[in-house]
$ cat protein21.cif   # mmCIF, C-alpha atoms
data_target
loop_
_atom_site.label_atom_id
_atom_site.label_comp_id
_atom_site.auth_asym_id
_atom_site.auth_seq_id
_atom_site.Cartn_x
_atom_site.Cartn_y
_atom_site.Cartn_z
CA MET A 1 6.02 0.66 25.24
CA ASP A 2 2.52 0.83 23.86
CA PRO A 3 0.96 -2.65 24.04
CA VAL A 4 -0.45 -2.39 20.49
CA ILE A 5 3.01 -2.78 19.00
CA LEU A 6 3.51 -5.93 21.04
CA PHE A 7 0.76 -7.42 18.85
CA PHE A 8 2.98 -6.74 15.86
CA LEU A 9 5.76 -8.61 17.62
CA LEU A 10 3.41 -11.50 18.37
CA GLY A 11 2.36 -11.71 14.72
CA ALA A 12 5.96 -11.51 13.52
CA LEU A 13 7.12 -14.24 15.90
CA ALA A 14 4.14 -16.44 15.05
CA GLY A 15 5.01 -16.01 11.37
CA LEU A 16 8.73 -16.66 11.84
CA PHE A 17 8.05 -19.82 13.82
CA LYS A 18 5.52 -20.95 11.22
CA SER A 19 2.47 -20.97 13.46
CA ASP A 20 -0.79 -21.83 11.69
CA LEU A 21 -2.12 -18.43 12.78
CA ARG A 22 -3.75 -16.67 9.82
CA MET A 23 -6.13 -13.80 9.62
CA PRO A 24 -8.96 -14.28 7.11
CA PRO A 25 -8.53 -11.71 4.32
CA ALA A 26 -12.02 -10.35 4.86
CA VAL A 27 -11.22 -9.61 8.51
CA TYR A 28 -8.02 -7.83 7.55
CA ASP A 29 -9.98 -5.79 4.99
CA LEU A 30 -12.57 -4.85 7.57
CA LEU A 31 -9.94 -3.83 10.12
CA SER A 32 -8.14 -1.64 7.62
CA MET A 33 -11.46 -0.07 6.59
CA VAL A 34 -12.31 0.75 10.20
CA LEU A 35 -8.85 2.26 10.77
CA LEU A 36 -9.01 4.41 7.64
CA LEU A 37 -12.52 5.63 8.43
CA THR A 38 -11.59 6.34 12.04
CA ILE A 39 -8.61 8.45 11.02
CA GLY A 40 -10.73 10.29 8.45
CA LEU A 41 -13.73 10.82 10.74
CA LYS A 42 -11.58 12.10 13.57
CA GLY A 43 -9.88 14.63 11.33
CA GLY A 44 -13.18 15.68 9.75
CA VAL A 45 -14.87 16.31 13.09
CA GLU A 46 -12.01 18.50 14.27
CA LEU A 47 -11.60 20.29 10.96
CA ALA A 48 -15.28 21.27 11.13
CA GLU A 49 -14.40 23.42 14.13
CA HIS A 50 -11.60 25.28 12.32
CA SER A 51 -11.51 27.53 9.30
CA VAL A 52 -10.22 25.61 6.32
CA GLY A 53 -9.05 28.61 4.26
CA GLY A 54 -5.79 29.01 6.19
CA LEU A 55 -4.78 25.48 5.25
CA ILE A 56 -4.10 26.19 1.60
CA PRO A 57 -0.41 27.17 1.99
CA GLN A 58 0.13 24.11 4.21
CA ILE A 59 -1.51 21.91 1.59
CA GLY A 60 0.91 23.29 -0.99
CA LEU A 61 3.93 22.62 1.22
CA VAL A 62 2.83 19.07 2.02
CA LEU A 63 2.30 18.30 -1.68
CA LEU A 64 5.76 19.72 -2.36
CA LEU A 65 7.17 17.35 0.27
CA GLY A 66 5.43 14.46 -1.50
CA PHE A 67 6.97 15.39 -4.86
CA THR A 68 10.45 16.10 -3.45
CA VAL A 69 11.10 12.98 -1.38
CA PRO A 70 11.29 10.53 -4.32
CA LEU A 71 13.58 12.95 -6.18
CA VAL A 72 16.00 12.78 -3.26
CA ILE A 73 15.75 9.03 -2.70
CA PHE A 74 16.05 8.04 -6.38
CA PRO A 75 19.65 9.24 -7.01
CA LEU A 76 20.76 7.81 -3.65
CA VAL A 77 19.44 4.35 -4.42
CA ARG A 78 20.43 4.52 -8.08
CA PHE A 79 24.00 5.74 -7.71
CA VAL A 80 25.04 5.03 -4.13
CA GLY A 81 23.08 1.78 -3.86
CA ARG A 82 23.84 0.96 -7.54
CA MET A 83 20.37 -0.35 -8.20
CA PRO A 84 18.80 -0.62 -11.65
CA ARG A 85 16.73 2.38 -12.69
CA ALA A 86 13.35 0.63 -12.32
CA ASP A 87 14.10 -0.63 -8.80
CA ALA A 88 15.46 2.73 -7.68
CA ALA A 89 12.36 4.49 -8.98
CA SER A 90 10.06 2.00 -7.31
CA ILE A 91 11.85 2.29 -3.96
CA ALA A 92 11.74 6.10 -4.27
CA ALA A 93 7.97 5.94 -4.85
CA HIS A 94 7.47 3.66 -1.85
CA TYR A 95 9.40 5.93 0.50
CA GLY A 96 7.83 9.08 -0.86
CA SER A 97 4.33 7.73 -0.36
CA VAL A 98 3.04 7.00 3.14
CA SER A 99 1.89 4.16 5.36
CA VAL A 100 -1.43 4.64 7.10
CA ALA A 101 -0.60 1.84 9.53
CA THR A 102 2.51 3.69 10.72
CA TYR A 103 0.44 6.85 11.05
CA ALA A 104 -2.17 4.97 13.12
CA VAL A 105 0.54 3.69 15.47
CA GLY A 106 1.78 7.29 15.72
CA VAL A 107 -1.72 8.44 16.70
CA ALA A 108 -1.95 5.70 19.33
CA PHE A 109 1.49 6.71 20.63
CA LEU A 110 0.45 10.35 20.97
CA GLU A 111 -2.76 9.28 22.72
CA SER A 112 -0.78 7.34 25.28
CA GLN A 113 1.43 10.43 25.80
CA ARG A 114 -1.76 12.53 26.18
CA GLN A 115 -0.52 14.73 23.37
CA SER A 116 -3.03 16.32 20.99
CA PHE A 117 -2.27 16.97 17.34
CA ASP A 118 -3.49 19.36 14.66
CA PRO A 119 -6.76 18.34 12.96
CA GLN A 120 -5.43 18.65 9.40
CA LEU A 121 -3.01 15.72 9.72
CA PRO A 122 -5.43 13.13 8.23
CA LEU A 123 -5.76 15.41 5.21
CA PHE A 124 -1.96 15.35 4.89
CA VAL A 125 -2.07 11.54 4.79
CA VAL A 126 -4.26 11.76 1.70
CA LEU A 127 -2.09 14.46 0.11
CA LEU A 128 1.13 12.54 0.62
CA GLU A 129 -0.09 9.26 -0.77
CA VAL A 130 -0.20 10.06 -4.49
CA PRO A 131 2.53 12.53 -5.65
CA ALA A 132 5.48 10.24 -4.98
CA ILE A 133 3.89 7.42 -6.96
CA MET A 134 3.53 9.69 -9.97
CA VAL A 135 7.13 10.92 -9.63
CA GLY A 136 8.34 7.33 -9.26
CA ILE A 137 6.61 6.30 -12.48
CA LEU A 138 8.13 9.27 -14.33
CA LEU A 139 11.59 8.48 -12.93
CA ALA A 140 11.32 4.92 -14.16
CA ARG A 141 9.85 5.57 -17.57
CA GLY A 142 10.90 9.09 -18.40
CA PHE A 143 8.54 11.40 -20.21
CA GLN A 144 8.27 9.17 -23.26
CA GLY A 145 4.83 7.98 -24.23
CA GLY A 146 3.47 4.56 -23.48
CA THR A 147 2.25 5.24 -19.97
CA ARG A 148 -1.51 4.85 -19.89
CA TRP A 149 -2.19 7.49 -17.27
CA GLY A 150 -5.97 7.21 -17.43
CA PRO A 151 -6.50 3.78 -15.87
CA LEU A 152 -3.45 4.30 -13.66
CA ALA A 153 -4.79 7.55 -12.24
CA HIS A 154 -8.11 5.84 -11.66
CA GLU A 155 -6.42 3.07 -9.69
CA ILE A 156 -4.32 5.47 -7.64
CA PHE A 157 -7.01 8.00 -6.84
CA MET A 158 -9.86 5.56 -6.36
CA GLY A 159 -7.78 3.17 -4.25
CA LYS A 160 -9.58 2.24 -1.06
CA SER A 161 -7.29 4.14 1.27
CA ILE A 162 -7.92 7.48 -0.44
CA VAL A 163 -11.64 6.83 -0.83
CA LEU A 164 -12.09 5.88 2.83
CA LEU A 165 -9.82 8.57 4.29
CA LEU A 166 -11.40 11.33 2.23
CA GLY A 167 -14.87 9.85 2.71
CA GLY A 168 -14.36 9.70 6.48
CA LEU A 169 -13.04 13.27 6.52
CA LEU A 170 -16.07 14.53 4.61
CA ILE A 171 -18.57 12.58 6.74
CA GLY A 172 -16.92 13.84 9.93
CA TRP A 173 -16.79 17.37 8.58
CA VAL A 174 -20.47 17.36 7.55
CA ALA A 175 -21.76 15.55 10.63
CA GLY A 176 -19.64 17.36 13.24
CA ALA A 177 -18.90 16.10 16.74
CA GLU A 178 -22.54 15.64 17.76
CA GLY A 179 -23.53 13.88 14.57
CA VAL A 180 -20.68 11.41 14.87
CA GLN A 181 -21.38 10.66 18.53
CA PRO A 182 -23.50 7.53 17.90
CA LEU A 183 -20.62 6.10 15.85
CA GLU A 184 -18.04 6.64 18.57
CA PRO A 185 -18.24 3.17 20.17
CA LEU A 186 -17.22 1.47 16.91
CA PHE A 187 -14.80 3.97 15.43
CA PHE A 188 -13.22 5.80 18.35
CA ASP A 189 -13.53 3.59 21.43
CA LEU A 190 -12.40 0.48 19.57
CA PHE A 191 -9.50 2.23 17.80
CA LYS A 192 -6.73 0.63 19.83
CA GLY A 193 -8.30 -2.82 19.79
CA VAL A 194 -8.77 -2.70 16.03
CA LEU A 195 -5.21 -1.41 15.62
CA ALA A 196 -3.90 -4.25 17.79
CA LEU A 197 -5.58 -6.90 15.62
CA PHE A 198 -4.46 -5.11 12.47
CA LEU A 199 -0.86 -5.08 13.72
CA LEU A 200 -1.06 -8.78 14.47
CA GLU A 201 -1.67 -9.40 10.77
CA MET A 202 1.00 -6.84 9.84
CA GLY A 203 3.44 -8.89 11.92
CA LEU A 204 2.48 -12.04 10.02
CA ILE A 205 2.94 -10.24 6.70
CA ALA A 206 6.26 -8.76 7.77
CA ALA A 207 7.48 -12.24 8.79
CA SER A 208 6.57 -13.53 5.34
CA GLN A 209 9.16 -11.10 3.93
CA ALA A 210 11.94 -12.86 5.84
CA ARG A 211 12.87 -14.96 2.80
CA THR A 212 13.70 -11.95 0.63
CA LEU A 213 15.53 -10.46 3.57
CA ARG A 214 17.81 -13.50 3.66
CA ASN A 215 18.66 -13.05 -0.01
CA HIS A 216 19.16 -9.29 -0.16
CA GLY A 217 19.61 -8.79 3.58
CA LEU A 218 22.27 -6.21 4.24
CA PHE A 219 21.29 -3.80 1.50
CA LEU A 220 17.60 -3.84 2.42
CA VAL A 221 18.27 -3.46 6.14
CA LEU A 222 20.60 -0.51 5.55
CA LEU A 223 18.11 1.06 3.17
CA GLY A 224 15.12 0.45 5.41
CA VAL A 225 16.81 1.83 8.50
CA MET A 226 18.80 4.70 7.05
CA ILE A 227 16.16 6.32 4.88
CA PRO A 228 13.38 7.03 7.42
CA VAL A 229 15.23 9.15 9.98
CA PRO A 230 16.54 11.91 7.66
CA LEU A 231 13.16 12.02 5.89
CA ALA A 232 11.28 12.19 9.18
CA THR A 233 13.60 14.94 10.39
CA ALA A 234 12.86 16.93 7.24
CA GLY A 235 9.14 16.32 7.77
CA ALA A 236 9.39 17.44 11.40
CA TRP A 237 11.21 20.59 10.39
CA LEU A 238 8.58 21.34 7.73
CA GLY A 239 5.80 20.77 10.27
CA TRP A 240 7.49 23.08 12.73
CA MET A 241 7.88 25.77 10.04
CA MET A 242 4.15 25.44 9.27
CA GLY A 243 3.38 26.05 12.92
CA LEU A 244 2.05 22.60 13.80
CA ASN A 245 1.96 21.65 17.48
CA VAL A 246 4.18 18.95 19.00
CA GLY A 247 1.74 16.18 18.07
CA GLY A 248 1.33 17.54 14.55
CA VAL A 249 5.09 17.82 14.01
CA THR A 250 5.51 14.24 15.26
CA LEU A 251 2.88 12.91 12.88
CA LEU A 252 4.20 14.80 9.86
CA ALA A 253 7.61 13.33 10.69
CA VAL A 254 6.01 9.88 10.94
CA LEU A 255 4.38 10.37 7.52
CA ALA A 256 7.59 11.62 5.92
CA GLY A 257 9.59 8.71 7.37
CA SER A 258 7.00 6.04 6.57
CA CYS A 259 6.95 3.87 3.52
CA SER A 260 3.91 2.83 1.51
CA TYR A 261 3.08 -0.85 1.32
CA ILE A 262 -0.36 -0.83 -0.31
CA ALA A 263 -0.85 2.00 -2.81
CA ALA A 264 2.73 2.21 -4.10
CA PRO A 265 3.32 -1.54 -4.62
CA ALA A 266 0.03 -1.92 -6.48
CA ALA A 267 0.66 1.07 -8.75
CA MET A 268 4.35 0.34 -9.36
CA ARG A 269 3.69 -3.29 -10.19
CA ILE A 270 1.50 -2.23 -13.08
CA ALA A 271 3.31 0.92 -14.18
CA VAL A 272 6.91 -0.24 -13.69
CA PRO A 273 6.77 -4.02 -14.10
CA ALA A 274 10.54 -4.32 -14.48
CA ALA A 275 11.05 -3.34 -10.83
CA ASN A 276 11.37 -6.29 -8.47
CA PRO A 277 8.36 -5.92 -6.16
CA ALA A 278 9.96 -8.06 -3.45
CA LEU A 279 12.78 -5.54 -2.88
CA SER A 280 10.68 -2.49 -2.14
CA LEU A 281 7.98 -4.42 -0.30
CA THR A 282 10.50 -6.12 1.95
CA ALA A 283 12.30 -2.88 2.69
CA SER A 284 8.96 -1.28 3.47
CA LEU A 285 7.23 -4.02 5.48
CA GLY A 286 10.11 -6.09 6.75
CA VAL A 287 12.44 -3.28 7.83
CA THR A 288 11.07 0.26 7.76
CA PHE A 289 7.66 -0.45 9.26
CA PRO A 290 9.00 -2.29 12.33
CA PHE A 291 11.82 0.24 12.66
CA ASN A 292 9.34 3.11 12.64
CA ILE A 293 6.87 1.66 15.13
CA PHE A 294 9.50 0.52 17.63
CA LEU A 295 12.21 3.17 17.40
CA GLY A 296 11.17 5.79 14.87
CA ILE A 297 8.00 7.16 16.41
CA PRO A 298 9.45 7.78 19.90
CA LEU A 299 12.49 9.38 18.23
CA TYR A 300 10.34 11.64 16.01
CA TYR A 301 8.40 12.66 19.12
CA GLN A 302 11.68 13.64 20.74
CA ILE A 303 12.64 15.66 17.67
CA ALA A 304 9.26 17.40 17.71
CA GLN A 305 9.66 18.30 21.38
CA TRP A 306 13.18 19.51 20.76
CA LEU A 307 12.04 21.72 17.85
CA HIS A 308 9.40 23.19 20.12
CA GLY A 309 12.04 23.85 22.74
CA GLN A 310 10.55 21.51 25.34
CA MET B 1 -25.74 -36.30 -23.77
CA ASP B 2 -24.77 -33.73 -26.37
CA THR B 3 -21.43 -32.13 -25.71
CA THR B 4 -19.13 -30.01 -27.82
CA SER B 5 -15.34 -29.66 -27.76
CA ARG B 6 -13.90 -26.37 -26.55
CA LYS B 7 -10.61 -25.18 -25.07
CA LEU B 8 -10.15 -24.30 -21.43
CA LEU B 9 -7.48 -21.62 -21.06
CA THR B 10 -6.14 -21.35 -17.52
CA VAL B 11 -3.95 -18.48 -16.38
CA VAL B 12 -2.28 -18.38 -12.98
CA THR B 13 -0.91 -14.91 -12.34
CA GLU B 14 -0.58 -11.97 -9.97
CA ALA B 15 -3.72 -10.49 -8.48
CA ALA B 16 -2.38 -7.05 -9.39
CA LEU B 17 -3.11 -7.82 -13.05
CA GLU B 18 -6.75 -8.76 -12.56
CA ALA B 19 -8.36 -5.55 -13.80
CA ARG B 20 -6.02 -5.38 -16.81
CA LEU B 21 -6.70 -9.01 -17.74
CA CYS B 22 -10.48 -8.66 -17.54
CA GLU B 23 -10.33 -5.67 -19.83
CA ALA B 24 -8.12 -7.53 -22.30
CA LEU B 25 -10.41 -10.58 -22.28
CA ASP B 26 -13.41 -8.41 -23.09
CA ASP B 27 -11.50 -6.78 -25.94
CA LEU B 28 -10.38 -10.15 -27.29
CA GLY B 29 -13.96 -11.37 -27.38
CA ALA B 30 -14.12 -13.85 -24.51
CA THR B 31 -17.77 -14.44 -23.66
CA GLY B 32 -17.00 -15.00 -20.00
CA TYR B 33 -14.38 -16.00 -17.48
CA THR B 34 -14.02 -17.18 -13.89
CA ILE B 35 -11.45 -15.92 -11.40
CA VAL B 36 -10.52 -17.43 -8.06
CA ASN B 37 -7.88 -16.44 -5.52
CA ALA B 38 -5.01 -18.86 -5.53
CA ARG B 39 -1.91 -19.70 -3.57
CA GLY B 40 1.01 -21.95 -4.24
CA ARG B 41 4.70 -22.09 -4.93
CA GLY B 42 6.71 -21.56 -8.08
CA SER B 43 9.92 -20.04 -9.35
CA ARG B 44 9.04 -16.80 -7.61
CA GLY B 45 8.60 -18.37 -4.20
CA VAL B 46 5.52 -19.01 -2.11
CA ARG B 47 2.55 -16.91 -3.10
CA GLN B 48 -0.28 -16.19 -0.71
CA ALA B 49 -3.91 -15.81 -1.65
CA ASP B 50 -4.75 -13.70 1.34
CA TRP B 51 -2.98 -10.47 0.70
CA SER B 52 -3.93 -8.25 -2.15
CA THR B 53 -0.59 -7.02 -3.42
CA SER B 54 1.27 -10.31 -3.26
CA GLY B 55 -1.61 -12.66 -3.99
CA ASN B 56 -2.25 -14.84 -6.98
CA ILE B 57 -5.35 -15.47 -9.03
CA ARG B 58 -6.37 -18.31 -11.29
CA LEU B 59 -8.37 -17.24 -14.29
CA GLU B 60 -10.28 -19.64 -16.52
CA VAL B 61 -11.78 -18.96 -19.92
CA ILE B 62 -13.61 -21.43 -22.12
CA CYS B 63 -13.58 -20.56 -25.80
CA ASP B 64 -12.78 -21.99 -29.21
CA GLU B 65 -9.25 -22.98 -30.17
CA GLU B 66 -8.51 -19.94 -32.26
CA ARG B 67 -9.54 -17.49 -29.57
CA ALA B 68 -7.63 -19.40 -26.89
CA ALA B 69 -4.47 -19.12 -28.99
CA GLU B 70 -5.10 -15.44 -29.55
CA ILE B 71 -5.56 -14.72 -25.85
CA ALA B 72 -2.53 -16.82 -24.89
CA THR B 73 -0.34 -15.02 -27.43
CA TYR B 74 -1.53 -11.63 -26.25
CA LEU B 75 -0.75 -12.45 -22.62
CA ARG B 76 2.59 -14.04 -23.46
CA ASP B 77 3.81 -11.02 -25.41
CA ARG B 78 2.74 -8.57 -22.79
CA TYR B 79 3.35 -10.15 -19.42
CA PHE B 80 5.77 -13.09 -19.53
CA ASP B 81 8.87 -10.91 -19.17
CA ASN B 82 8.07 -9.22 -15.91
CA PHE B 83 5.16 -10.97 -14.27
CA LEU B 84 4.55 -14.29 -12.69
CA MET B 85 2.31 -16.00 -15.24
CA ILE B 86 1.55 -19.62 -16.07
CA ILE B 87 -0.74 -20.41 -18.99
CA TYR B 88 -2.03 -23.79 -20.04
CA ILE B 89 -4.72 -24.88 -22.46
CA SER B 90 -6.72 -28.07 -22.16
CA ASP B 91 -9.57 -29.77 -23.98
CA VAL B 92 -12.97 -29.73 -22.37
CA GLN B 93 -16.42 -30.95 -23.31
CA VAL B 94 -19.07 -28.34 -22.72
CA LEU B 95 -22.82 -28.37 -22.54
CA ARG B 96 -24.72 -25.48 -24.09
CA GLU B 97 -22.13 -24.74 -26.77
CA ASP B 98 -23.76 -21.43 -27.67
CA LYS B 99 -22.43 -19.96 -24.40
CA PHE B 100 -18.78 -20.27 -25.40
#
$ encode --input "protein21.cif" --output "structure tokens"
Amino acid sequence: MDPVILFFLLGALAGLFKSDLRMPPAVYDLLSMVLLLTIGLKGGVELAEHSVGGLIPQIGLVLLLGFTVPLVIFPLVRFVGRMPRADAASIAAHYGSVSVATYAVGVAFLESQRQSFDPQLPLFVVLLEVPAIMVGILLARGFQGGTRWGPLAHEIFMGKSIVLLLGGLLIGWVAGAEGVQPLEPLFFDLFKGVLALFLLEMGLIAASQARTLRNHGLFLVLLGVMIPVPLATAGAWLGWMMGLNVGGVTLLAVLAGSCSYIAAPAAMRIAVPAANPALSLTASLGVTFPFNIFLGIPLYYQIAQWLHGQ
Amino acid sequence: MDTTSRKLLTVVTEAALEARLCEALDDLGATGYTIVNARGRGSRGVRQADWSTSGNIRLEVICDEERAAEIATYLRDRYFDNFLMIIYISDVQVLREDKF
């Protein structure tokens, strides 16, 4: 087991046992900024060494995945789970969008397995973040007027995760491997340490969801555990069809099976206020995130190896 | 010392609404406002100040009575149904009345 995820466990236990451990918000912000920039920079540097033109069909397929996932989740939650329309749409948007933290743990996992992955994966993170949120809003509100798309689009597209991921990609792409070299000690060498501290706080946050879990427990646990694996399997299959390597297939599976906990909650809270934010956030942070980092990622890696016939 | 009576409108609500509220206050003619991060407990459970999507803010506006009522009504009609929101209005004595 990768030691970074033990930090998540530490945070979760500290939170459950009501330790006074707290991470100052500014530190958490800085850690998430470093992680986002690292992921972007790394992808940008490697993309600079490849031709980008061949990526266009892949970009189309990944966007299609982003639009399709919420359309599959919504009827399941709405009719099988018998949830109100707004909640079902919100949950669909959360699961369709992605979690950068889960992705970062996936990257750390592949590093510890000495497995490389395709350079375009960070770009896929950006591509998968937005479409599901838009579909979720449409599912909740229909095509009737009244949605102020302007400010909403601004919030979604100018959210810090997209700005930093894309910014990092562009900087890495422009600067190339040599240009980025002086930045390596902060962004690349410290990656695992930063991730460990970040996961400590994620554990504390996840533990703070325990209350909702007590109230809506069984449904949320079932939802949070049963949704990721089929989605990740679909993502892995798509990655394999696109010709990604084992690491790339694993990470696309991780992205497909992950659940947003920053961009989607913020957007859905404003656009679909009738949805109970505690439900989707608890499913995402309290169940799916821990499930993915402890069991999901190794499983998706197995699936990727199996698809590649290893 | 010369002071003038004004109303202090305090809103405790979800951090997610901050941008929307600021925009609305500008439109409704508030000359200024102050926002701080807040935490506490209410009917929707414990709210933390340290995490952006589940945090609370406390927003304060000083204005005349009419405007305070207008802002409070606007917020009530729009947000009370689905958002955590507490509004209260109190009397304050201000210096430099031309600022409010």
$ resolve_selection --input "protein21.cif" --expression "the PyMOL selection byres ((chain A) within 9 of (chain B))" --output "PDB file with C-alpha atoms, keeping the file's coordinate frame"
ATOM      1  CA  MET A  23      -6.130 -13.800   9.620  1.00  0.00           C
ATOM      2  CA  PRO A  24      -8.960 -14.280   7.110  1.00  0.00           C
ATOM      3  CA  PRO A  25      -8.530 -11.710   4.320  1.00  0.00           C
ATOM      4  CA  ALA A  26     -12.020 -10.350   4.860  1.00  0.00           C
ATOM      5  CA  TYR A  28      -8.020  -7.830   7.550  1.00  0.00           C
ATOM      6  CA  ILE A 205       2.940 -10.240   6.700  1.00  0.00           C
ATOM      7  CA  ARG A 211      12.870 -14.960   2.800  1.00  0.00           C
ATOM      8  CA  TYR A 261       3.080  -0.850   1.320  1.00  0.00           C
ATOM      9  CA  ILE A 262      -0.360  -0.830  -0.310  1.00  0.00           C
ATOM     10  CA  PRO A 265       3.320  -1.540  -4.620  1.00  0.00           C
ATOM     11  CA  ALA A 266       0.030  -1.920  -6.480  1.00  0.00           C
ATOM     12  CA  ALA A 267       0.660   1.070  -8.750  1.00  0.00           C
ATOM     13  CA  ARG A 269       3.690  -3.290 -10.190  1.00  0.00           C
ATOM     14  CA  ILE A 270       1.500  -2.230 -13.080  1.00  0.00           C
ATOM     15  CA  PRO A 273       6.770  -4.020 -14.100  1.00  0.00           C
ATOM     16  CA  ALA A 274      10.540  -4.320 -14.480  1.00  0.00           C
ATOM     17  CA  ALA A 275      11.050  -3.340 -10.830  1.00  0.00           C
ATOM     18  CA  ASN A 276      11.370  -6.290  -8.470  1.00  0.00           C
ATOM     19  CA  PRO A 277       8.360  -5.920  -6.160  1.00  0.00           C
ATOM     20  CA  ALA A 278       9.960  -8.060  -3.450  1.00  0.00           C
TER      21      ALA A 278
END
$ closest_residue --input "protein21.cif" --among "B:Ala69, B:Val61, B:Met85, B:Met1" --to "Thr34 in chain B" --atoms "all atoms listed in the file"
B:Val61
$ resolve_selection --input "protein21.cif" --expression "the PyMOL selection byres ((chain B and resi 93) around 8)" --output "list of chain:residue names"
B:Thr3, B:Thr4, B:Ser5, B:Arg6, B:Asp91, B:Val92, B:Val94, B:Leu95
$ atom_distance --input "protein21.cif" --atom1 "CA of Leu195 in chain A" --atom2 "CA of Ser112 in chain A"
13.8 Å
$ atom_distance --input "protein21.cif" --atom1 "CA of Val221 in chain A" --atom2 "CA of Ser90 in chain A"
16.7 Å
$ closest_residue --input "protein21.cif" --among "B:Ile57, B:Leu21, B:Glu70, B:Ile62" --to "Tyr33 in chain B" --atoms "only C-alpha atoms"
B:Ile62
$ resolve_selection --input "protein21.cif" --expression "the PyMOL selection byres ((chain A and resi 180-192) around 10)" --output "PyMOL selection string"
chain A and resi 3-4+31+34-39+41-42+45+104-105+107-108+111+171-179+193-198
$ axis_aligned_box --input "protein21.cif" --around "range 32-35 of chain A" --padding-each-side "5 Å" --output "AutoDock Vina command-line options"
--center_x -10.2 --center_y 0.3 --center_z 8.7 --size_x 14.2 --size_y 13.9 --size_z 14.2
$ atom_distance --input "protein21.cif" --atom1 "CA of Ser280 in chain A" --atom2 "CA of Met33 in chain A"
23.9 Å
$ residues_around --input "protein21.cif" --residues "Gly239 in chain A" --least-positions-apart "6" --cutoff "9 Å" --atoms "all atoms listed in the file" --output "JSON, numbers by chain"
{"A": [58, 62, 245, 248, 249, 250, 251, 252, 253, 304]}
$ write_last_selection --input "protein21.cif" --atoms "C-alpha atoms" --output "short mmCIF file (atom, residue, chain, number, x, y, z; two decimals), keeping the file's coordinate frame"
data_model
loop_
_atom_site.label_atom_id
_atom_site.label_comp_id
_atom_site.auth_asym_id
_atom_site.auth_seq_id
_atom_site.Cartn_x
_atom_site.Cartn_y
_atom_site.Cartn_z
CA GLN A 58 0.13 24.11 4.21
CA VAL A 62 2.83 19.07 2.02
CA ASN A 245 1.96 21.65 17.48
CA GLY A 248 1.33 17.54 14.55
CA VAL A 249 5.09 17.82 14.01
CA THR A 250 5.51 14.24 15.26
CA LEU A 251 2.88 12.91 12.88
CA LEU A 252 4.20 14.80 9.86
CA ALA A 253 7.61 13.33 10.69
CA ALA A 304 9.26 17.40 17.71
#
$ residues_around --input "protein21.cif" --residues "range 216-220 of chain A" --least-positions-apart "6" --cutoff "8 Å" --atoms "only C-alpha atoms" --output "VMD selection string"
chain A and resid 81 279 282 to 283 287
$ residues_around --input "protein21.cif" --residues "Gly142 in chain A" --least-positions-apart "5" --cutoff "12 Å" --atoms "all atoms listed in the file" --output "VMD selection string"
chain A and resid 85 to 86 89 134 to 137 147 271 to 272
$ closest_residue --input "protein21.cif" --among "B:Tyr74, B:Phe80, B:Phe100, B:Tyr88" --to "Leu25 in chain B" --atoms "all atoms listed in the file"
B:Tyr74
$ closest_residue --input "protein21.cif" --among "A:Met202, A:Val229, A:Leu222, A:Ala264" --to "Leu9 in chain A" --atoms "only C-alpha atoms"
A:Met202
$ residues_near_point --input "protein21.cif" --point "(15.7, 11.1, 0.7)" --cutoff "10 Å" --atoms "only C-alpha atoms" --output "CSV table (one decimal) with C-alpha atoms, keeping the file's coordinate frame"
chain,number,residue,atom,x,y,z
A,68,THR,CA,10.4,16.1,-3.4
A,69,VAL,CA,11.1,13.0,-1.4
A,70,PRO,CA,11.3,10.5,-4.3
A,71,LEU,CA,13.6,13.0,-6.2
A,72,VAL,CA,16.0,12.8,-3.3
A,73,ILE,CA,15.8,9.0,-2.7
A,74,PHE,CA,16.0,8.0,-6.4
A,75,PRO,CA,19.6,9.2,-7.0
A,76,LEU,CA,20.8,7.8,-3.6
A,77,VAL,CA,19.4,4.4,-4.4
A,92,ALA,CA,11.7,6.1,-4.3
A,95,TYR,CA,9.4,5.9,0.5
A,96,GLY,CA,7.8,9.1,-0.9
A,226,MET,CA,18.8,4.7,7.0
A,227,ILE,CA,16.2,6.3,4.9
A,228,PRO,CA,13.4,7.0,7.4
A,229,VAL,CA,15.2,9.2,10.0
A,230,PRO,CA,16.5,11.9,7.7
A,231,LEU,CA,13.2,12.0,5.9
A,232,ALA,CA,11.3,12.2,9.2
A,234,ALA,CA,12.9,16.9,7.2
A,256,ALA,CA,7.6,11.6,5.9
A,257,GLY,CA,9.6,8.7,7.4
$ residues_around --input "protein21.cif" --residues "Val36 in chain B" --least-positions-apart "3" --cutoff "9 Å" --atoms "only C-alpha atoms" --output "list in words"
Asn56, Ile57, Arg58, Leu59 and Glu60 of chain B
